[in-house]
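Visitor: What follows is work_2.txt, compact mmCIF, C-alpha atoms and all ligand atoms.
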# COMPACT_ATOMS: atom_id res chain seq x y z
CA MET A 1 0.00 0.00 0.00
CA THR A 2 1.26 3.40 -0.86
CA THR A 3 0.46 6.33 1.28
CA TYR A 4 0.79 9.89 0.24
CA SER A 5 1.50 12.57 2.67
CA SER A 6 -1.32 15.02 2.92
CA GLN A 7 1.17 17.52 4.18
CA PRO A 8 1.52 20.27 1.53
CA ILE A 9 5.05 21.08 0.43
CA LEU A 10 5.69 24.74 0.81
CA ILE A 11 7.60 26.06 -2.19
CA THR A 12 9.33 29.19 -1.14
CA ALA A 13 10.98 31.73 -3.42
CA ASP A 14 14.47 30.58 -2.49
CA LEU A 15 13.49 27.03 -3.45
CA MET A 16 11.99 28.19 -6.76
CA GLU A 17 14.94 30.25 -7.89
CA PRO A 18 17.36 27.36 -8.53
CA LEU A 19 14.48 25.35 -10.02
CA ILE A 20 13.70 28.08 -12.52
CA ARG A 21 17.36 28.58 -13.30
CA CYS A 22 17.83 24.87 -13.78
CA GLN A 23 14.80 24.67 -16.06
CA SER A 24 15.88 27.62 -18.18
CA GLU A 25 19.33 26.07 -18.52
CA ILE A 26 17.69 22.92 -19.84
CA ILE A 27 15.52 24.90 -22.26
CA ARG A 28 18.55 26.83 -23.47
CA ALA A 29 20.52 23.64 -23.92
CA ILE A 30 17.71 22.01 -25.88
CA TYR A 31 16.85 24.93 -28.08
CA LEU A 32 20.27 26.04 -29.20
CA ARG A 33 19.76 25.97 -32.94
CA ALA A 34 22.44 25.80 -35.58
CA SER A 35 22.82 25.15 -39.29
CA VAL A 36 25.17 22.21 -39.74
CA LEU A 37 26.73 21.18 -43.05
CA TYR A 38 27.21 17.40 -43.07
CA ALA A 39 28.40 17.05 -46.63
CA PRO A 40 28.10 19.13 -49.80
CA GLY A 41 24.36 19.74 -50.33
CA ASP A 42 23.42 18.31 -46.92
CA LEU A 43 22.69 21.26 -44.63
CA ARG A 44 20.54 20.64 -41.56
CA VAL A 45 19.12 23.02 -38.99
CA MET A 46 19.31 21.17 -35.70
CA ASP A 47 19.81 21.35 -31.95
CA VAL A 48 23.39 21.46 -30.82
CA ASP A 49 25.13 21.65 -27.47
CA GLU A 50 25.70 25.12 -26.14
CA PRO A 51 29.36 25.99 -26.65
CA LYS A 52 31.30 26.21 -23.40
CA PRO A 53 34.22 28.61 -23.59
CA ARG A 54 37.61 26.99 -23.41
CA ARG A 55 40.51 28.71 -21.70
CA GLY A 56 41.05 32.09 -23.37
CA SER A 57 38.05 31.93 -25.67
CA ILE A 58 34.76 33.81 -25.58
CA VAL A 59 31.24 32.63 -26.32
CA ALA A 60 28.89 35.08 -27.99
CA ARG A 61 25.25 35.21 -28.93
CA VAL A 62 25.09 35.76 -32.70
CA ARG A 63 23.07 38.88 -33.51
CA ILE A 64 23.45 38.78 -37.27
CA ALA A 65 25.37 36.62 -39.73
CA LEU A 66 25.83 37.15 -43.45
CA THR A 67 25.92 34.65 -46.27
CA CYS A 68 28.96 34.78 -48.51
CA GLY A 69 29.98 33.39 -51.89
CA THR A 70 32.45 31.14 -50.08
CA ASP A 71 29.56 29.62 -48.09
CA VAL A 72 27.79 28.89 -51.37
CA LYS A 73 30.91 27.13 -52.70
CA LEU A 74 31.28 25.25 -49.42
CA TYR A 75 27.62 24.22 -49.44
CA ARG A 76 27.71 23.04 -53.05
CA ARG A 77 31.13 21.47 -53.42
CA GLY A 78 32.86 21.44 -50.04
CA HIS A 79 36.09 23.34 -49.44
CA PRO A 80 39.70 22.20 -49.03
CA PHE A 81 39.92 23.84 -45.56
CA ALA A 82 36.53 22.65 -44.27
CA LYS A 83 36.17 19.84 -41.75
CA LEU A 84 32.64 18.44 -41.96
CA PRO A 85 30.22 18.11 -40.31
CA ASN A 86 30.44 21.66 -39.03
CA ILE A 87 28.27 24.69 -38.33
CA ILE A 88 29.04 27.04 -41.22
CA GLY A 89 28.88 30.85 -41.49
CA HIS A 90 31.82 33.17 -40.92
CA GLU A 91 30.68 36.81 -41.21
CA PHE A 92 28.88 37.89 -38.06
CA VAL A 93 28.24 40.28 -35.19
CA GLY A 94 27.72 39.01 -31.65
CA VAL A 95 27.37 39.90 -27.99
CA VAL A 96 29.79 38.35 -25.51
CA GLU A 97 27.89 36.08 -23.12
CA ASP A 98 30.41 33.74 -21.60
CA LEU A 99 34.12 33.96 -20.91
CA GLY A 100 36.79 31.32 -20.75
CA GLU A 101 39.44 31.30 -18.07
CA ASP A 102 41.88 34.25 -18.33
CA VAL A 103 39.42 36.51 -20.19
CA PRO A 104 38.80 39.79 -18.32
CA ASP A 105 35.24 40.14 -17.07
CA SER A 106 35.00 43.55 -18.76
CA TYR A 107 34.35 41.77 -22.08
CA ARG A 108 31.00 40.45 -20.90
CA GLY A 109 28.04 42.05 -22.67
CA ARG A 110 30.09 43.78 -25.37
CA LEU A 111 28.66 44.00 -28.88
CA PHE A 112 31.43 43.31 -31.35
CA VAL A 113 32.55 42.18 -34.76
CA THR A 114 35.59 40.00 -35.36
CA MET A 115 37.16 37.98 -38.17
CA ASN A 116 36.93 34.31 -39.09
CA THR A 117 40.64 33.63 -38.81
CA SER A 118 43.85 35.26 -37.68
CA PRO A 119 47.48 35.06 -38.81
CA CYS A 120 50.01 33.53 -36.41
CA GLY A 121 52.26 36.60 -36.39
CA GLU A 122 55.44 34.51 -36.30
CA CYS A 123 55.91 32.60 -39.55
CA PHE A 124 58.06 33.51 -42.58
CA TYR A 125 55.24 35.52 -44.19
CA CYS A 126 53.81 37.11 -41.04
CA VAL A 127 57.15 38.65 -40.05
CA ARG A 128 57.38 40.15 -43.55
CA GLY A 129 53.98 41.82 -43.22
CA ARG A 130 52.35 39.37 -45.62
CA GLU A 131 49.97 37.96 -43.01
CA ASN A 132 47.46 36.99 -45.68
CA LEU A 133 49.93 34.29 -46.75
CA CYS A 134 50.43 33.05 -43.15
CA GLU A 135 51.49 29.42 -43.12
CA ARG A 136 49.17 28.73 -40.19
CA LEU A 137 46.10 30.55 -41.52
CA GLY A 138 44.24 27.32 -42.20
CA GLU A 139 44.55 25.99 -38.64
CA THR A 140 41.61 27.82 -37.08
CA ILE A 141 38.90 29.16 -39.35
CA ILE A 142 35.44 29.92 -38.03
CA GLY A 143 32.84 28.14 -40.14
CA PHE A 144 35.46 25.82 -41.68
CA THR A 145 37.62 24.12 -39.06
CA VAL A 146 35.72 25.32 -35.96
CA PRO A 147 31.95 25.90 -35.55
CA GLY A 148 30.59 28.91 -37.40
CA ALA A 149 28.03 31.68 -37.10
CA TYR A 150 24.78 30.22 -38.47
CA ALA A 151 23.89 29.40 -34.89
CA GLU A 152 22.43 31.06 -31.85
CA MET A 153 25.79 30.96 -30.07
CA ILE A 154 29.38 30.80 -31.21
CA GLU A 155 32.73 30.26 -29.53
CA ILE A 156 35.51 32.55 -30.75
CA PRO A 157 38.99 31.09 -30.29
CA GLU A 158 41.48 33.24 -28.41
CA ARG A 159 43.83 33.61 -31.37
CA ILE A 160 41.08 35.31 -33.38
CA TRP A 161 39.41 37.64 -30.91
CA ARG A 162 42.67 38.74 -29.24
CA ARG A 163 43.75 40.19 -32.59
CA TYR A 164 40.38 41.28 -33.94
CA PHE A 165 37.83 42.64 -31.53
CA TYR A 166 36.00 45.75 -32.67
CA GLN A 167 33.40 46.95 -30.21
CA ILE A 168 30.41 48.29 -32.10
CA PRO A 169 29.27 51.74 -30.96
CA PRO A 170 25.56 52.44 -30.46
CA GLY A 171 23.77 53.40 -33.65
CA LEU A 172 25.97 51.45 -36.05
CA ASP A 173 23.99 49.17 -38.37
CA LEU A 174 24.83 45.59 -37.32
CA VAL A 175 24.33 44.27 -40.84
CA GLU A 176 26.91 46.75 -42.12
CA ALA A 177 29.28 45.92 -39.26
CA ALA A 178 29.08 42.24 -40.23
CA PHE A 179 30.76 43.13 -43.55
CA LEU A 180 34.15 43.46 -41.84
CA GLU A 181 35.68 40.28 -43.27
CA PRO A 182 34.65 40.59 -46.93
CA LEU A 183 35.29 44.33 -46.93
CA SER A 184 38.77 43.81 -45.49
CA THR A 185 39.64 41.52 -48.40
CA VAL A 186 38.45 44.20 -50.83
CA VAL A 187 40.53 46.84 -49.02
CA HIS A 188 43.49 44.47 -49.29
CA GLY A 189 42.86 43.98 -53.01
CA GLN A 190 42.84 47.72 -53.64
CA ARG A 191 46.08 48.11 -51.73
CA ILE A 192 47.66 45.43 -53.91
CA LEU A 193 46.26 47.17 -57.01
CA GLY A 194 47.87 50.41 -55.85
CA GLY A 195 47.65 53.71 -57.69
CA VAL A 196 45.84 53.91 -61.00
CA ASP A 197 47.58 55.93 -63.70
CA GLY A 198 44.53 57.36 -65.44
CA GLU A 199 40.89 57.49 -64.51
CA TRP A 200 39.00 54.51 -65.95
CA VAL A 201 38.66 51.20 -64.12
CA ALA A 202 36.51 48.25 -65.19
CA VAL A 203 35.15 45.92 -62.52
CA ILE A 204 34.17 42.51 -63.88
CA GLY A 205 31.47 40.98 -61.68
CA SER A 206 28.69 42.89 -59.96
CA GLY A 207 28.33 40.63 -56.93
CA PRO A 208 28.88 41.95 -53.38
CA ILE A 209 32.68 41.90 -53.85
CA GLY A 210 32.57 43.75 -57.17
CA LEU A 211 30.14 46.27 -55.70
CA MET A 212 32.45 46.93 -52.74
CA HIS A 213 35.35 47.44 -55.17
CA LEU A 214 33.14 49.85 -57.10
CA GLN A 215 32.42 51.89 -53.98
CA LEU A 216 36.07 52.07 -52.95
CA LEU A 217 37.08 53.13 -56.47
CA LYS A 218 34.44 55.87 -56.40
CA LEU A 219 35.82 57.06 -53.03
CA ARG A 220 39.19 57.31 -54.81
CA GLY A 221 37.60 59.56 -57.41
CA LEU A 222 37.93 57.13 -60.32
CA MET A 223 35.51 56.47 -63.19
CA VAL A 224 34.14 52.94 -63.04
CA ALA A 225 32.51 50.61 -65.54
CA VAL A 226 30.89 47.48 -64.07
CA ILE A 227 30.45 44.39 -66.24
CA ASP A 228 28.06 41.54 -65.43
CA ARG A 229 25.44 39.30 -67.04
CA HIS A 230 22.54 40.13 -64.70
CA TRP A 231 20.57 43.35 -64.88
CA GLU A 232 19.43 43.12 -61.23
CA LYS A 233 23.05 43.27 -60.13
CA LEU A 234 23.97 45.98 -62.62
CA ASP A 235 21.04 48.07 -61.38
CA VAL A 236 22.58 47.99 -57.90
CA ALA A 237 25.91 49.02 -59.44
CA LYS A 238 24.18 52.00 -61.07
CA ARG A 239 22.59 53.01 -57.78
CA LEU A 240 25.98 52.79 -56.07
CA GLY A 241 27.59 55.17 -58.53
CA ALA A 242 28.89 53.13 -61.49
CA ASP A 243 29.54 55.51 -64.37
CA VAL A 244 28.89 52.82 -66.97
CA VAL A 245 27.27 49.40 -66.64
CA VAL A 246 27.71 46.74 -69.29
CA ASN A 247 25.54 43.66 -69.60
CA SER A 248 27.88 41.28 -71.37
CA ASN A 249 24.90 39.21 -72.58
CA GLU A 250 23.81 42.18 -74.65
CA GLU A 251 26.97 44.16 -75.40
CA ARG A 252 30.59 43.24 -75.97
CA PRO A 253 32.73 44.74 -73.20
CA GLU A 254 35.54 45.00 -75.79
CA ASP A 255 33.38 47.50 -77.72
CA ILE A 256 33.01 49.63 -74.57
CA ALA A 257 36.79 49.43 -74.01
CA ARG A 258 37.24 50.90 -77.49
CA SER A 259 35.51 54.07 -76.34
CA ILE A 260 37.89 54.47 -73.37
CA ASN A 261 41.18 56.38 -73.68
CA SER A 262 40.64 56.89 -77.44
CA GLY A 263 40.34 53.17 -78.02
CA LYS A 264 43.33 52.09 -75.91
CA GLY A 265 41.23 50.44 -73.21
CA PHE A 266 40.87 50.68 -69.45
CA ASP A 267 43.64 51.96 -67.19
CA ALA A 268 42.94 49.16 -64.73
CA ILE A 269 40.73 46.11 -64.40
CA ILE A 270 39.50 44.40 -61.27
CA GLU A 271 38.35 40.87 -61.94
CA ALA A 272 35.79 40.01 -59.25
CA ALA A 273 33.81 37.23 -60.88
CA GLY A 274 36.07 34.26 -60.11
CA LYS A 275 35.52 32.76 -63.56
CA GLN A 276 38.10 31.83 -66.16
CA GLU A 277 36.31 33.77 -68.90
CA ALA A 278 36.43 36.86 -66.67
CA TRP A 279 40.21 36.47 -66.29
CA GLU A 280 40.54 36.22 -70.06
CA LEU A 281 38.26 39.20 -70.60
CA ALA A 282 40.35 41.29 -68.18
CA ILE A 283 43.43 40.69 -70.33
CA ARG A 284 41.57 41.91 -73.42
CA LEU A 285 40.16 45.07 -71.80
CA VAL A 286 43.28 46.61 -70.26
CA ARG A 287 45.37 49.17 -72.13
CA SER A 288 49.12 48.96 -72.61
CA GLY A 289 50.83 49.96 -69.37
CA GLY A 290 47.63 49.25 -67.45
CA LYS A 291 47.05 46.98 -64.46
CA ILE A 292 44.91 43.96 -63.74
CA LEU A 293 43.94 42.77 -60.28
CA PHE A 294 42.75 39.17 -60.27
CA PHE A 295 40.57 39.08 -57.18
CA GLY A 296 38.34 36.09 -57.85
CA GLY A 297 40.17 32.80 -57.31
CA LEU A 298 40.00 29.86 -59.70
CA PRO A 299 40.53 26.20 -58.72
CA ARG A 300 44.13 25.05 -58.36
CA GLY A 301 45.56 23.90 -61.67
CA THR A 302 43.48 26.28 -63.79
CA SER A 303 45.58 27.71 -66.63
CA VAL A 304 44.64 30.99 -68.21
CA PRO A 305 46.27 31.81 -71.55
CA ILE A 306 47.99 35.19 -71.55
CA ASP A 307 49.60 36.56 -74.69
CA SER A 308 53.15 37.21 -73.49
CA TYR A 309 53.28 40.16 -75.87
CA ARG A 310 50.86 41.99 -73.58
CA ILE A 311 53.08 41.48 -70.54
CA HIS A 312 56.44 42.22 -72.16
CA TYR A 313 55.95 44.64 -75.03
CA GLU A 314 52.88 46.31 -73.60
CA GLU A 315 53.89 46.21 -69.93
CA VAL A 316 50.53 45.10 -68.64
CA GLU A 317 50.91 44.62 -64.91
CA VAL A 318 49.19 41.53 -63.52
CA LYS A 319 48.48 41.11 -59.81
CA GLY A 320 46.57 38.76 -57.57
CA ALA A 321 45.05 39.39 -54.15
CA PHE A 322 44.04 36.82 -51.58
CA HIS A 323 42.50 37.25 -48.13
CA THR A 324 43.58 40.19 -45.97
CA THR A 325 46.02 41.50 -43.37
CA PRO A 326 45.50 43.14 -39.96
CA ARG A 327 46.07 46.65 -41.33
CA ASP A 328 43.48 46.07 -44.06
CA VAL A 329 41.03 44.87 -41.42
CA ASP A 330 41.63 48.04 -39.39
CA GLU A 331 41.04 50.15 -42.46
CA ALA A 332 37.87 48.23 -43.33
CA TYR A 333 36.51 48.76 -39.83
CA LYS A 334 37.17 52.51 -40.11
CA LEU A 335 35.23 52.59 -43.38
CA ILE A 336 32.31 50.84 -41.68
CA GLU A 337 32.44 52.98 -38.56
CA THR A 338 32.53 56.23 -40.52
CA ARG A 339 29.70 54.97 -42.76
CA LYS A 340 31.67 55.68 -45.91
CA LEU A 341 30.04 52.85 -47.85
CA ARG A 342 26.51 51.73 -48.61
CA LEU A 343 26.78 48.13 -47.51
CA ARG A 344 23.10 47.61 -46.62
CA GLU A 345 22.33 47.78 -50.32
CA LEU A 346 24.30 44.58 -50.85
CA VAL A 347 21.90 42.63 -48.64
CA SER A 348 18.89 41.22 -50.45
CA GLY A 349 16.91 40.07 -47.43
CA VAL A 350 16.90 39.03 -43.78
CA MET A 351 16.13 35.38 -43.03
CA PRO A 352 15.90 33.19 -39.93
CA LEU A 353 18.33 30.34 -39.29
CA GLU A 354 15.80 27.87 -40.71
CA ARG A 355 16.24 29.42 -44.15
CA VAL A 356 20.03 29.40 -44.53
CA ARG A 357 19.77 26.67 -47.16
CA GLU A 358 17.27 28.72 -49.16
CA ALA A 359 19.53 31.78 -48.93
CA LEU A 360 22.56 29.82 -50.18
CA GLU A 361 20.56 28.20 -52.97
CA ASN A 362 19.21 31.59 -54.05
CA MET A 363 22.73 32.97 -54.21
CA GLY A 364 23.88 29.93 -56.15
CA ARG A 365 21.19 30.65 -58.75
CA GLY A 366 22.13 34.32 -58.91
CA VAL A 367 19.02 35.40 -56.96
CA GLY A 368 20.00 38.10 -54.49
CA LEU A 369 23.45 39.38 -53.61
CA LYS A 370 23.88 38.43 -49.98
CA TYR A 371 21.47 37.55 -47.17
CA ALA A 372 21.48 38.46 -43.50
CA ILE A 373 20.69 35.55 -41.18
CA LYS A 374 19.08 36.40 -37.87
CA PRO A 375 19.30 33.45 -35.46
ZN ZN B 1 33.05 35.58 -46.51
ZN ZN B 2 51.94 33.35 -39.85
What's the structure tokens form of this structure?
Guide:
Amino acid sequence: MTTYSSQPILITADLMEPLIRCQSEIIRAIYLRASVLYAPGDLRVMDVDEPKPRRGSIVARVRIALTCGTDVKLYRRGHPFAKLPNIIGHEFVGVVEDLGEDVPDSYRGRLFVTMNTSPCGECFYCVRGRENLCERLGETIIGFTVPGAYAEMIEIPERIWRRYFYQIPPGLDLVEAAFLEPLSTVVHGQRILGGVDGEWVAVIGSGPIGLMHLQLLKLRGLMVAVIDRHWEKLDVAKRLGADVVVNSNEERPEDIARSINSGKGFDAIIEAAGKQEAWELAIRLVRSGGKILFFGGLPRGTSVPIDSYRIHYEEVEVKGAFHTTPRDVDEAYKLIETRKLRLRELVSGVMPLERVREALENMGRGVGLKYAIKP
């Protein structure tokens, strides 16, 4: 026989408090959502364990994350650096919620933007100021080798946040702040390009990267032609100040080049499409003595034919730019903070975590430039 006590249990406030805390911990643990890439094409939104900060790291609540062309590549084909399964997403703004051992308590609650990776500062390339070529760059990359930002919470390894931690002042648009990483690569590219002797630059590719190049070139007072195959993207280029837009489905860019510098061609070209035909087009559009910046990478082993005559007899200068360096990141943050650029216009919509796949598939089909993900 079982007897039940008729004696009521008095639940006092001090008894309730730990109960409530315990329950909310459980709810938080259960409902921590993240978008996990298992294999190319297999992206699942699921519950994951709440990240616990390791020594020196911080854990942040993600306020906004952006999709990026690299995420599209990663989602479709995988990526040489990526360890799957992993939470993807690497452009984000967060609020510090939890601190690992050795992190000063003053960081708690700060709204910030950081980068997805950081150079080691010690290798052959780092000591020469070429941190973008750091031999240890691939070790820790948010969204590739460690969990990324398409999640409610993210852990930021010490090596990354100790170098890159920009506290966001009140009033700054969080979506624009989240552009730090891609913008810093564009700033780096323009530094590699260097001065332009003349006034006409052609940007091939009117995606977010091309449109950031356009805006920086306009800040430098240059005339810019933007070349793409999609009118929706070229319309954005027009709004952002392109002097000429060329839809290469309808017009031959070579014909436009013949109207520049009395038929000699563009003073400089920035290739921002990441396609072999764009690389080849760049070589045809530049004038003698002009410069080309190849910004969009092609798969290893891709050969692009270049008429050696153009390089030797016509002194066409050919440069490549990859990734970024700490000084470019600083400069990019200043551009964001001083609101020098119209970055919001590069975002085609805001979506919840559940729709990351849709956002990446849209981008893959050329629908929309970039999406903001709000976990
Ligand atoms: Zn990116
Ligand atoms: Zn290094």
Visitor: May I ask for the distance between atom CA of Lys264 of chain A and atom CA of Leu211 of chain A, given in Å to one decimal place?
Guide: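 Pair atom CA of Lys264 of chain A / atom CA of Leu211 of chain A returns 24.8 Å.
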Visitor: Within 10 Å of ligand ZN 1 (chain B), which residues show up when you count all atoms listed in the file? List them as a list in words, please.
Guide: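 Within the 10 Å cut-off, the matching residues are Leu66, Thr67, Cys68, Gly69, Thr70, Asp71, Val72, Gly89, His90, Glu91, Phe92, Met115, Asn116, Gly143, Ala178, Phe179, Leu180, Glu181, Pro182, Leu183, Thr185, Ile209 and His323 of chain A.
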Visitor: Kindly work out which residues sit at most 7 Å from ligand ZN 2 (chain B), using all atoms listed in the file, and give the list as a list in words.
Guide: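 Within the 7 Å cut-off, the matching residues are Pro119, Cys120, Gly121, Glu122, Cys123, Phe124, Tyr125, Cys126, Glu131, Cys134, Glu135, Arg136 and Leu137 of chain A.
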Visitor: Given the selection you just returned, output its residues as a file containing C-alpha atoms, formatted as a short mmCIF file (atom, residue, chain, number, x, y, z; two decimals), in the frame of the given file.
Guide:
data_model
loop_
_atom_site.label_atom_id
_atom_site.label_comp_id
_atom_site.auth_asym_id
_atom_site.auth_seq_id
_atom_site.Cartn_x
_atom_site.Cartn_y
_atom_site.Cartn_z
CA PRO A 119 47.48 35.06 -38.81
CA CYS A 120 50.01 33.53 -36.41
CA GLY A 121 52.26 36.60 -36.39
CA GLU A 122 55.44 34.51 -36.30
CA CYS A 123 55.91 32.60 -39.55
CA PHE A 124 58.06 33.51 -42.58
CA TYR A 125 55.24 35.52 -44.19
CA CYS A 126 53.81 37.11 -41.04
CA GLU A 131 49.97 37.96 -43.01
CA CYS A 134 50.43 33.05 -43.15
CA GLU A 135 51.49 29.42 -43.12
CA ARG A 136 49.17 28.73 -40.19
CA LEU A 137 46.10 30.55 -41.52
#
Visitor: Please list, as a PyMOL selection string, the residues that have an atom at most 10 Å away from (19.3, 43.1, -45.8) in the coordinates of this file, counting only C-alpha atoms.
Guide: chain A and resi 66+175-176+343-351+369-373
Visitor: With distances taken over all atoms listed in the file, which of A:Ala278, A:Leu240, A:Ile154, A:Ile269 is nearest to Gly290 of chain A?
Guide: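 So, comparing all the options, the nearest one is A:Ile269.
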Visitor: Between A:Lys238, A:Lys73, A:Arg310, A:Lys334, single out the one closest to Ile168 of chain A, counting all atoms listed in the file.
Guide: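 Nearest to Ile168 of chain A: A:Lys334.
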Visitor: Using only C-alpha atoms, pick whichever of A:Gly210, A:Gly109, A:Gly78, A:Gly274 has the shortest atom-to-atom distance to Val95 of chain A.
Guide: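 Of A:Gly210, A:Gly109, A:Gly78, A:Gly274, the one nearest Val95 of chain A is A:Gly109, counting only C-alpha atoms.
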Visitor: To one decimal in Å, tell me the separation between atom CA of Gly296 of chain A and atom CA of Arg76 of chain A.
Guide: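 So the answer is 17.5 Å.
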Visitor: Which residue gives the smallest distance to Lys319 of chain A among A:Arg229, A:Arg191, A:Arg355, A:Arg163, with all atoms listed in the file counted?
Guide: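 Smallest separation from Lys319 of chain A among the options: A:Arg191.
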Visitor: If you measure from atom CA of Val113 of chain A to atom CA of Glu139 of chain A, what distance in Å do you get, rounded to one decimal?
Guide: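 Going from atom CA of Val113 of chain A over to atom CA of Glu139 of chain A covers 20.5 Å.
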Visitor: Could you tell me, as a ChimeraX atom specification, which residues have any atom at most 9 Å from (45.0, 34.8, -71.4), counting only C-alpha atoms?
Guide: /A:279-284,303-308
Visitor: Pull C-alpha atoms from the residues just selected and write them as a PDB file, in the frame of the given file.
Guide:
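Saved file result.pdb follows:
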ATOM      1  CA  TRP A 279      40.210  36.470 -66.290  1.00  0.00           C
ATOM      2  CA  GLU A 280      40.540  36.220 -70.060  1.00  0.00           C
ATOM      3  CA  LEU A 281      38.260  39.200 -70.600  1.00  0.00           C
ATOM      4  CA  ALA A 282      40.350  41.290 -68.180  1.00  0.00           C
ATOM      5  CA  ILE A 283      43.430  40.690 -70.330  1.00  0.00           C
ATOM      6  CA  ARG A 284      41.570  41.910 -73.420  1.00  0.00           C
ATOM      7  CA  SER A 303      45.580  27.710 -66.630  1.00  0.00           C
ATOM      8  CA  VAL A 304      44.640  30.990 -68.210  1.00  0.00           C
ATOM      9  CA  PRO A 305      46.270  31.810 -71.550  1.00  0.00           C
ATOM     10  CA  ILE A 306      47.990  35.190 -71.550  1.00  0.00           C
ATOM     11  CA  ASP A 307      49.600  36.560 -74.690  1.00  0.00           C
ATOM     12  CA  SER A 308      53.150  37.210 -73.490  1.00  0.00           C
TER      13      SER A 308
END
Visitor: Pick out the residues sitting within 9 Å of Glu199 of chain A, and hand them over as a VMD selection string; count only C-alpha atoms, and ignore anything fewer than 5 positions along from it in its own chain.
Guide: chain A and resid 221 to 224 266 to 268
Visitor: Which residue out of A:Arg54, A:Arg300, A:Tyr150, A:Gln215 has the minimum interatomic distance to Leu335 of chain A when only C-alpha atoms are used?
Guide: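 Smallest distance to Leu335 of chain A is found for A:Gln215.
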Visitor: Could you list, as a JSON list (two decimals) with C-alpha atoms, in the frame of the given file, every residue within 8 Å of Leu234 of chain A, counting all atoms listed in the file and ignoring same-chain residues fewer than 4 positions away?
Guide:
[["chain", "number", "residue", "atom", "x", "y", "z"],
["A", 206, "SER", "CA", 28.69, 42.89, -59.96],
["A", 226, "VAL", "CA", 30.89, 47.48, -64.07],
["A", 227, "ILE", "CA", 30.45, 44.39, -66.24],
["A", 228, "ASP", "CA", 28.06, 41.54, -65.43],
["A", 230, "HIS", "CA", 22.54, 40.13, -64.70],
["A", 238, "LYS", "CA", 24.18, 52.00, -61.07],
["A", 245, "VAL", "CA", 27.27, 49.40, -66.64],
["A", 246, "VAL", "CA", 27.71, 46.74, -69.29],
["A", 247, "ASN", "CA", 25.54, 43.66, -69.60]]
Visitor: What's the 10 Å shell around Gly189 of chain A, counting only C-alpha atoms, without same-chain residues fewer than 4 positions away, as a count of residues only?
Guide: 17
Visitor: Hey, which of A:Ile64, A:Phe165, A:Leu43, A:Ser35 ends up closest to Pro147 of chain A? Count all atoms listed in the file.
Guide: A:Ser35
